[in-house]
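Undergrad: Just data.csv, nothing more (CSV, N, CA and C atoms):
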chain,number,residue,atom,x,y,z
C,11,MET,N,-17.2,16.0,-6.0
C,11,MET,CA,-17.1,14.9,-6.9
C,11,MET,C,-18.3,14.0,-7.0
C,12,GLY,N,-19.2,14.2,-6.0
C,12,GLY,CA,-20.5,13.5,-6.1
C,12,GLY,C,-20.4,12.1,-5.5
C,13,LEU,N,-19.4,11.7,-4.8
C,13,LEU,CA,-19.3,10.4,-4.2
C,13,LEU,C,-19.9,10.4,-2.8
C,14,ASP,N,-20.8,9.4,-2.6
C,14,ASP,CA,-21.4,9.4,-1.2
C,14,ASP,C,-20.7,8.4,-0.4
C,15,ARG,N,-21.0,8.5,0.9
C,15,ARG,CA,-20.3,7.6,1.9
C,15,ARG,C,-20.5,6.1,1.7
C,16,GLU,N,-21.7,5.7,1.4
C,16,GLU,CA,-21.9,4.3,1.1
C,16,GLU,C,-21.1,3.8,0.0
C,17,ALA,N,-21.1,4.5,-1.1
C,17,ALA,CA,-20.3,4.1,-2.3
C,17,ALA,C,-18.8,4.0,-1.9
C,18,LEU,N,-18.3,5.0,-1.2
C,18,LEU,CA,-16.9,4.9,-0.8
C,18,LEU,C,-16.6,3.6,0.0
C,19,ASP,N,-17.5,3.4,1.0
C,19,ASP,CA,-17.3,2.2,1.9
C,19,ASP,C,-17.4,0.9,1.1
C,20,ARG,N,-18.3,0.8,0.2
C,20,ARG,CA,-18.5,-0.4,-0.6
C,20,ARG,C,-17.3,-0.7,-1.5
C,21,VAL,N,-16.8,0.4,-2.2
C,21,VAL,CA,-15.7,0.2,-3.0
C,21,VAL,C,-14.4,-0.2,-2.2
C,22,ARG,N,-14.2,0.5,-1.1
C,22,ARG,CA,-13.1,0.3,-0.2
C,22,ARG,C,-13.1,-1.2,0.3
C,23,ALA,N,-14.3,-1.6,0.7
C,23,ALA,CA,-14.4,-3.0,1.2
C,23,ALA,C,-14.1,-4.0,0.1
C,24,ARG,N,-14.7,-3.8,-1.0
C,24,ARG,CA,-14.5,-4.8,-2.1
C,24,ARG,C,-13.1,-4.7,-2.8
C,25,LYS,N,-12.7,-3.6,-3.2
C,25,LYS,CA,-11.4,-3.4,-3.9
C,25,LYS,C,-10.2,-3.6,-2.9
C,26,SER,N,-10.2,-2.7,-1.9
C,26,SER,CA,-9.0,-2.6,-1.1
C,26,SER,C,-8.9,-3.8,-0.1
C,27,PHE,N,-10.0,-4.2,0.4
C,27,PHE,CA,-9.9,-5.3,1.4
C,27,PHE,C,-10.2,-6.7,0.8
C,28,ASP,N,-11.3,-6.9,0.2
C,28,ASP,CA,-11.6,-8.2,-0.3
C,28,ASP,C,-10.6,-8.7,-1.3
C,29,GLN,N,-10.3,-7.9,-2.3
C,29,GLN,CA,-9.3,-8.3,-3.3
C,29,GLN,C,-7.9,-8.4,-2.8
C,30,ALA,N,-7.5,-7.5,-1.9
C,30,ALA,CA,-6.2,-7.6,-1.3
C,30,ALA,C,-6.1,-8.8,-0.4
C,31,ALA,N,-7.1,-9.1,0.4
C,31,ALA,CA,-7.1,-10.2,1.3
C,31,ALA,C,-7.0,-11.5,0.4
C,32,ALA,N,-7.7,-11.6,-0.7
C,32,ALA,CA,-7.6,-12.8,-1.5
C,32,ALA,C,-6.2,-12.9,-2.1
C,33,ALA,N,-5.6,-11.8,-2.5
C,33,ALA,CA,-4.2,-11.9,-3.0
C,33,ALA,C,-3.2,-12.3,-1.9
C,34,ILE,N,-3.4,-11.8,-0.7
C,34,ILE,CA,-2.5,-12.2,0.4
C,34,ILE,C,-2.7,-13.7,0.7
C,35,LYS,N,-3.9,-14.2,0.7
C,35,LYS,CA,-4.2,-15.6,1.0
C,35,LYS,C,-3.6,-16.5,-0.1
C,36,ALA,N,-3.6,-16.0,-1.4
C,36,ALA,CA,-3.0,-16.7,-2.5
C,36,ALA,C,-1.5,-16.6,-2.6
C,37,ASN,N,-0.9,-15.8,-1.7
C,37,ASN,CA,0.5,-15.6,-1.7
C,37,ASN,C,1.0,-14.8,-2.9
C,38,ALA,N,0.1,-14.0,-3.5
C,38,ALA,CA,0.4,-13.3,-4.7
C,38,ALA,C,1.6,-12.3,-4.6
C,39,PHE,N,1.9,-11.8,-3.4
C,39,PHE,CA,2.9,-10.8,-3.2
C,39,PHE,C,4.2,-11.4,-2.8
C,40,ALA,N,4.4,-12.7,-2.8
C,40,ALA,CA,5.6,-13.4,-2.2
C,40,ALA,C,6.9,-12.9,-2.9
C,41,LYS,N,6.8,-12.5,-4.1
C,41,LYS,CA,8.1,-12.1,-4.8
C,41,LYS,C,8.3,-10.6,-4.6
C,42,GLU,N,7.3,-9.9,-4.0
C,42,GLU,CA,7.5,-8.4,-3.8
C,42,GLU,C,7.8,-8.0,-2.4
C,43,ILE,N,7.6,-8.9,-1.4
C,43,ILE,CA,7.8,-8.5,0.0
C,43,ILE,C,8.9,-9.4,0.5
C,44,ILE,N,9.9,-8.9,1.1
C,44,ILE,CA,11.0,-9.6,1.8
C,44,ILE,C,10.6,-9.8,3.2
C,45,PRO,N,10.4,-11.0,3.7
C,45,PRO,CA,10.0,-11.1,5.1
C,45,PRO,C,11.1,-10.6,6.0
C,46,VAL,N,10.7,-9.9,7.1
C,46,VAL,CA,11.7,-9.4,8.1
C,46,VAL,C,11.3,-9.8,9.5
C,47,ARG,N,12.2,-10.3,10.2
C,47,ARG,CA,12.0,-10.7,11.7
C,47,ARG,C,12.0,-9.4,12.5
C,48,VAL,N,10.9,-9.2,13.3
C,48,VAL,CA,10.8,-8.0,14.1
C,48,VAL,C,10.7,-8.4,15.5
C,49,THR,N,11.5,-7.7,16.4
C,49,THR,CA,11.4,-7.9,17.8
C,49,THR,C,10.4,-6.9,18.4
C,50,LEU,N,9.4,-7.4,19.1
C,50,LEU,CA,8.4,-6.6,19.7
C,50,LEU,C,8.9,-6.0,21.0
C,51,ALA,N,8.2,-5.1,21.6
C,51,ALA,CA,8.5,-4.5,22.8
C,51,ALA,C,8.6,-5.5,24.0
C,52,ASP,N,7.9,-6.5,23.9
C,52,ASP,CA,7.9,-7.5,25.0
C,52,ASP,C,9.0,-8.6,24.8
C,53,GLY,N,9.8,-8.4,23.7
C,53,GLY,CA,10.9,-9.3,23.5
C,53,GLY,C,10.6,-10.4,22.5
C,54,SER,N,9.4,-10.7,22.3
C,54,SER,CA,9.0,-11.7,21.3
C,54,SER,C,9.3,-11.3,19.9
C,55,GLU,N,9.4,-12.3,19.0
C,55,GLU,CA,9.7,-12.0,17.6
C,55,GLU,C,8.5,-12.4,16.8
C,56,ILE,N,8.3,-11.6,15.7
C,56,ILE,CA,7.3,-12.0,14.7
C,56,ILE,C,7.9,-11.9,13.3
C,57,LEU,N,7.3,-12.5,12.3
C,57,LEU,CA,7.8,-12.4,11.0
C,57,LEU,C,6.9,-11.4,10.3
C,58,HIS,N,7.4,-10.3,9.9
C,58,HIS,CA,6.6,-9.3,9.1
C,58,HIS,C,6.7,-9.7,7.7
C,59,ASP,N,5.6,-10.2,7.1
C,59,ASP,CA,5.7,-10.7,5.7
C,59,ASP,C,4.5,-10.4,4.9
C,60,ARG,N,3.7,-9.4,5.3
C,60,ARG,CA,2.5,-9.0,4.5
C,60,ARG,C,2.1,-7.6,4.9
C,61,ASP,N,1.4,-7.0,4.1
C,61,ASP,CA,0.9,-5.6,4.3
C,61,ASP,C,-0.1,-5.6,5.5
C,62,GLU,N,0.2,-4.9,6.5
C,62,GLU,CA,-0.6,-4.9,7.7
C,62,GLU,C,-1.8,-4.0,7.6
C,63,GLY,N,-1.9,-3.2,6.5
C,63,GLY,CA,-3.0,-2.3,6.3
C,63,GLY,C,-4.3,-3.0,5.8
C,64,VAL,N,-4.1,-4.2,5.3
C,64,VAL,CA,-5.3,-4.9,4.8
C,64,VAL,C,-6.1,-5.5,5.9
C,65,ARG,N,-7.3,-5.2,6.0
C,65,ARG,CA,-8.2,-5.8,7.0
C,65,ARG,C,-8.9,-7.0,6.4
C,66,LEU,N,-8.5,-8.2,6.8
C,66,LEU,CA,-8.9,-9.4,6.2
C,66,LEU,C,-10.4,-9.7,6.4
C,67,ASP,N,-11.0,-9.0,7.4
C,67,ASP,CA,-12.4,-9.3,7.7
C,67,ASP,C,-13.3,-8.0,7.6
C,68,ALA,N,-12.8,-7.0,6.8
C,68,ALA,CA,-13.6,-5.8,6.7
C,68,ALA,C,-14.8,-6.0,5.8
C,69,SER,N,-15.8,-5.2,6.1
C,69,SER,CA,-17.1,-5.2,5.4
C,69,SER,C,-17.5,-3.7,5.2
C,70,ALA,N,-18.4,-3.5,4.2
C,70,ALA,CA,-18.9,-2.2,4.0
C,70,ALA,C,-19.8,-1.8,5.2
C,71,GLU,N,-20.4,-2.8,5.8
C,71,GLU,CA,-21.3,-2.5,7.0
C,71,GLU,C,-20.4,-2.0,8.2
C,72,ALA,N,-19.3,-2.7,8.4
C,72,ALA,CA,-18.4,-2.3,9.5
C,72,ALA,C,-17.8,-0.9,9.2
C,73,LEU,N,-17.4,-0.6,8.0
C,73,LEU,CA,-16.8,0.6,7.6
C,73,LEU,C,-17.9,1.8,7.8
C,74,GLY,N,-19.1,1.4,7.6
C,74,GLY,CA,-20.2,2.4,7.7
C,74,GLY,C,-20.4,2.9,9.1
C,75,LYS,N,-19.9,2.1,10.1
C,75,LYS,CA,-20.0,2.5,11.5
C,75,LYS,C,-19.0,3.5,12.0
C,76,LEU,N,-18.0,3.8,11.2
C,76,LEU,CA,-16.9,4.7,11.5
C,76,LEU,C,-17.3,6.1,11.4
C,77,GLU,N,-16.9,7.0,12.3
C,77,GLU,CA,-17.2,8.4,12.2
C,77,GLU,C,-16.3,9.1,11.1
C,78,PRO,N,-16.9,10.0,10.4
C,78,PRO,CA,-16.2,10.7,9.4
C,78,PRO,C,-15.1,11.7,10.0
C,79,ILE,N,-14.1,12.0,9.3
C,79,ILE,CA,-13.0,12.8,9.9
C,79,ILE,C,-13.5,14.3,10.1
C,80,SER,N,-14.5,14.7,9.4
C,80,SER,CA,-15.1,16.0,9.6
C,80,SER,C,-16.6,15.9,9.6
C,81,PRO,N,-17.3,16.7,10.4
C,81,PRO,CA,-18.8,16.7,10.5
C,81,PRO,C,-19.4,16.7,9.1
C,82,GLY,N,-20.3,15.8,8.9
C,82,GLY,CA,-21.0,15.7,7.6
C,82,GLY,C,-20.2,15.2,6.5
C,83,GLY,N,-19.0,14.9,6.7
C,83,GLY,CA,-18.1,14.4,5.7
C,83,GLY,C,-18.3,12.9,5.3
C,84,VAL,N,-17.6,12.5,4.3
C,84,VAL,CA,-17.7,11.1,3.8
C,84,VAL,C,-16.4,10.3,4.0
C,85,ILE,N,-15.3,10.9,4.3
C,85,ILE,CA,-14.1,10.3,4.5
C,85,ILE,C,-13.9,9.8,5.9
C,86,THR,N,-13.5,8.5,6.1
C,86,THR,CA,-13.3,8.0,7.4
C,86,THR,C,-11.9,7.3,7.4
C,87,ALA,N,-11.5,6.9,8.6
C,87,ALA,CA,-10.2,6.1,8.7
C,87,ALA,C,-10.3,4.8,8.0
C,88,GLY,N,-11.5,4.3,7.7
C,88,GLY,CA,-11.7,3.1,7.0
C,88,GLY,C,-11.7,3.2,5.5
C,89,ASN,N,-12.2,4.3,5.0
C,89,ASN,CA,-12.3,4.4,3.5
C,89,ASN,C,-11.2,5.3,2.9
C,90,ALA,N,-10.4,5.9,3.8
C,90,ALA,CA,-9.3,6.8,3.3
C,90,ALA,C,-8.1,6.0,2.9
C,91,SER,N,-7.3,6.5,2.1
C,91,SER,CA,-6.0,5.9,1.8
C,91,SER,C,-5.1,5.8,3.0
C,92,GLN,N,-4.5,4.7,3.2
C,92,GLN,CA,-3.6,4.5,4.4
C,92,GLN,C,-2.3,5.1,4.0
C,93,ILE,N,-1.5,5.4,5.1
C,93,ILE,CA,-0.2,5.8,4.9
C,93,ILE,C,0.7,4.6,5.2
C,94,CYS,N,1.5,4.3,4.2
C,94,CYS,CA,2.4,3.1,4.3
C,94,CYS,C,3.9,3.5,4.4
C,95,ASP,N,4.5,2.9,5.3
C,95,ASP,CA,6.0,3.0,5.4
C,95,ASP,C,6.6,1.8,4.7
C,96,GLY,N,7.7,2.1,4.0
C,96,GLY,CA,8.3,1.0,3.4
C,96,GLY,C,9.7,1.4,3.0
C,97,SER,N,10.5,0.5,2.4
C,97,SER,CA,11.8,0.9,2.0
C,97,SER,C,12.1,0.2,0.7
C,98,SER,N,13.0,0.7,0.0
C,98,SER,CA,13.5,0.1,-1.2
C,98,SER,C,14.9,0.6,-1.6
C,99,ALA,N,15.5,-0.1,-2.5
C,99,ALA,CA,16.8,0.4,-2.9
C,99,ALA,C,16.8,0.4,-4.5
C,100,LEU,N,17.4,1.5,-5.0
C,100,LEU,CA,17.4,1.7,-6.4
C,100,LEU,C,18.7,2.3,-6.8
C,101,LEU,N,19.3,1.7,-7.8
C,101,LEU,CA,20.6,2.3,-8.3
C,101,LEU,C,20.2,2.9,-9.7
C,102,VAL,N,20.4,4.2,-9.8
C,102,VAL,CA,20.2,4.9,-11.1
C,102,VAL,C,21.5,5.2,-11.7
C,103,ALA,N,21.7,4.8,-12.9
C,103,ALA,CA,23.0,5.0,-13.6
C,103,ALA,C,22.8,5.5,-15.0
C,104,SER,N,23.8,6.2,-15.4
C,104,SER,CA,23.8,6.7,-16.8
C,104,SER,C,24.1,5.5,-17.8
C,105,GLU,N,23.8,5.7,-19.0
C,105,GLU,CA,24.1,4.7,-20.0
C,105,GLU,C,25.6,4.4,-20.0
C,106,ARG,N,26.4,5.4,-19.9
C,106,ARG,CA,27.9,5.3,-19.9
C,106,ARG,C,28.3,4.4,-18.7
C,107,ALA,N,27.7,4.7,-17.5
C,107,ALA,CA,28.1,3.9,-16.3
C,107,ALA,C,27.7,2.4,-16.4
C,108,VAL,N,26.5,2.2,-17.0
C,108,VAL,CA,26.0,0.8,-17.2
C,108,VAL,C,27.0,0.1,-18.1
C,109,LYS,N,27.5,0.7,-19.2
C,109,LYS,CA,28.5,0.0,-20.1
C,109,LYS,C,29.8,-0.2,-19.4
C,110,LEU,N,30.3,0.9,-18.7
C,110,LEU,CA,31.6,0.8,-18.0
C,110,LEU,C,31.7,-0.3,-17.0
C,111,HIS,N,30.6,-0.4,-16.2
C,111,HIS,CA,30.6,-1.4,-15.1
C,111,HIS,C,30.0,-2.7,-15.4
C,112,GLY,N,29.5,-2.9,-16.6
C,112,GLY,CA,28.8,-4.1,-17.1
C,112,GLY,C,27.5,-4.4,-16.3
C,113,PHE,N,26.8,-3.4,-16.0
C,113,PHE,CA,25.5,-3.6,-15.3
C,113,PHE,C,24.5,-4.1,-16.3
C,114,LYS,N,23.5,-4.9,-15.7
C,114,LYS,CA,22.4,-5.4,-16.6
C,114,LYS,C,21.2,-4.6,-16.1
C,115,PRO,N,20.7,-3.6,-17.0
C,115,PRO,CA,19.6,-2.8,-16.6
C,115,PRO,C,18.3,-3.7,-16.4
C,116,LEU,N,17.5,-3.4,-15.4
C,116,LEU,CA,16.3,-4.1,-15.1
C,116,LEU,C,15.1,-3.2,-15.6
C,117,ALA,N,15.3,-1.9,-15.7
C,117,ALA,CA,14.2,-1.0,-16.1
C,117,ALA,C,14.8,0.2,-16.7
C,118,ARG,N,14.0,1.0,-17.4
C,118,ARG,CA,14.4,2.2,-18.0
C,118,ARG,C,13.4,3.3,-17.6
C,119,VAL,N,13.9,4.4,-17.0
C,119,VAL,CA,13.0,5.5,-16.6
C,119,VAL,C,12.6,6.3,-17.9
C,120,VAL,N,11.3,6.4,-18.2
C,120,VAL,CA,10.9,7.1,-19.4
C,120,VAL,C,10.2,8.4,-19.0
C,121,ASN,N,9.8,8.6,-17.7
C,121,ASN,CA,9.1,9.8,-17.3
C,121,ASN,C,9.1,9.9,-15.8
C,122,MET,N,9.3,11.1,-15.3
C,122,MET,CA,9.2,11.3,-13.9
C,122,MET,C,8.3,12.5,-13.6
C,123,THR,N,7.5,12.3,-12.6
C,123,THR,CA,6.5,13.4,-12.2
C,123,THR,C,6.4,13.4,-10.7
C,124,MET,N,6.3,14.6,-10.2
C,124,MET,CA,6.1,14.8,-8.7
C,124,MET,C,4.9,15.7,-8.5
C,125,THR,N,4.0,15.2,-7.7
C,125,THR,CA,2.8,16.0,-7.3
C,125,THR,C,2.7,16.1,-5.8
C,126,ALA,N,2.0,17.0,-5.3
C,126,ALA,CA,1.8,17.2,-3.9
C,126,ALA,C,0.5,18.0,-3.7
C,127,GLY,N,-0.1,17.8,-2.5
C,127,GLY,CA,-1.3,18.6,-2.2
C,127,GLY,C,-1.2,18.9,-0.7
C,128,VAL,N,-2.0,19.9,-0.4
C,128,VAL,CA,-2.1,20.3,1.0
C,128,VAL,C,-3.1,19.4,1.7
C,129,PRO,N,-2.7,18.6,2.8
C,129,PRO,CA,-3.6,17.8,3.5
C,129,PRO,C,-4.8,18.6,4.1
C,130,ARG,N,-6.0,18.1,4.0
C,130,ARG,CA,-7.1,18.8,4.5
C,130,ARG,C,-8.0,17.9,5.3
C,131,ALA,N,-8.5,18.3,6.4
C,131,ALA,CA,-9.4,17.5,7.2
C,131,ALA,C,-10.8,17.7,6.8
Represent the structure contained in this file as structure tokens.

TA:
Amino acid sequence: MGLDREALDRVRARKSFDQAAAAIKANAFAKEIIPVRVTLADGSEILHDRDEGVRLDASAEALGKLEPISPGGVITAGNASQICDGSSALLVASERAVKLHGFKPLARVVNMTMTAGVPRA
């Protein structure tokens, strides 16, 4: 693809971390994340209310110090896409069921696609 390590680290720091950190600080995701109380192993509780994958103090320089996942590669733990766990609830209903039960649709599915790839190191 022609992407070099420095470009990946720069884009990751600016887009994924700087912009996401600014959005978190501005409380931009307040309507999208339901805060959940979590009990830690030591018995203390915390409020989980934001994406933990965003590094609020990340920089391209710091990302540049990470080792690539393969010798001579450009992908690192810092510039790769993170794996996020999450949950959601969705009720899919036919037009008939919506009318029968008086549901108020919030969205309409117009297309569905599924893709997958083999993970490679």

Undergrad: Can you tell me, as a list in words, what residues are no more than 7 Å from stretch 52-64 of chain C when counting only N, CA and C atoms, ignoring any on the same chain fewer than 5 positions away?

TA: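 Those residues are Ser26, Phe27, Ala30, Ala31, Ile43, Ile44, Pro45, Val46 and Arg47 of chain C.
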
Undergrad: Would you please extract all strand (DSSP E or B) residues from stretch 24-108 of chain C, as assigned by DSSP on the backbone, and give them as a list in words?

TA: Val46, Arg47, Val48, Thr49, Glu55, Ile56, Leu57, His58, Pro78 and Thr86 of chain C

Undergrad: Report as a PyMOL selection string all protein, DNA and RNA residues lying within 6 Å of C:Leu18, evaluated on only N, CA and C atoms, omitting residues in the same chain fewer than 5 positions from it.

TA: chain C and resi 13+23+89

Undergrad: Write out as a PyMOL selection string the residues lying within 8 Å of stretch 82-86 of chain C, counting all atoms listed in the file and excluding same-chain residues fewer than 2 positions away.

TA: chain C and resi 13-16+18-19+73+76-80+88-91

Undergrad: Calculate how many Å separate atom CA of C:Arg22 from atom CA of C:Lys75, rounding to one decimal.

TA: 13.8 Å

Undergrad: List every residue of chain C that DSSP, applied to the backbone, labels as helix (DSSP H, G or I), and write the result as a ChimeraX atom specification.

TA: /C:15-35,70-74,105-111

Undergrad: State, in Å with one decimal place, the distance from atom CA of C:Ala33 to atom C of C:Ala72.

TA: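 Here the two named atoms are 21.3 Å from each other.
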
Undergrad: For the atom pair atom N of C:Ile34 and atom CA of C:Asp67, what is the interatomic distance in Å to one decimal place?

TA: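 Interatomic distance, atom N of C:Ile34 to atom CA of C:Asp67: 12.6 Å.
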
Undergrad: Between C:Ala87, C:Val119, C:Ser69, C:Val21, single out the one closest to C:Val102, counting only C-alpha atoms.

TA: C:Val119
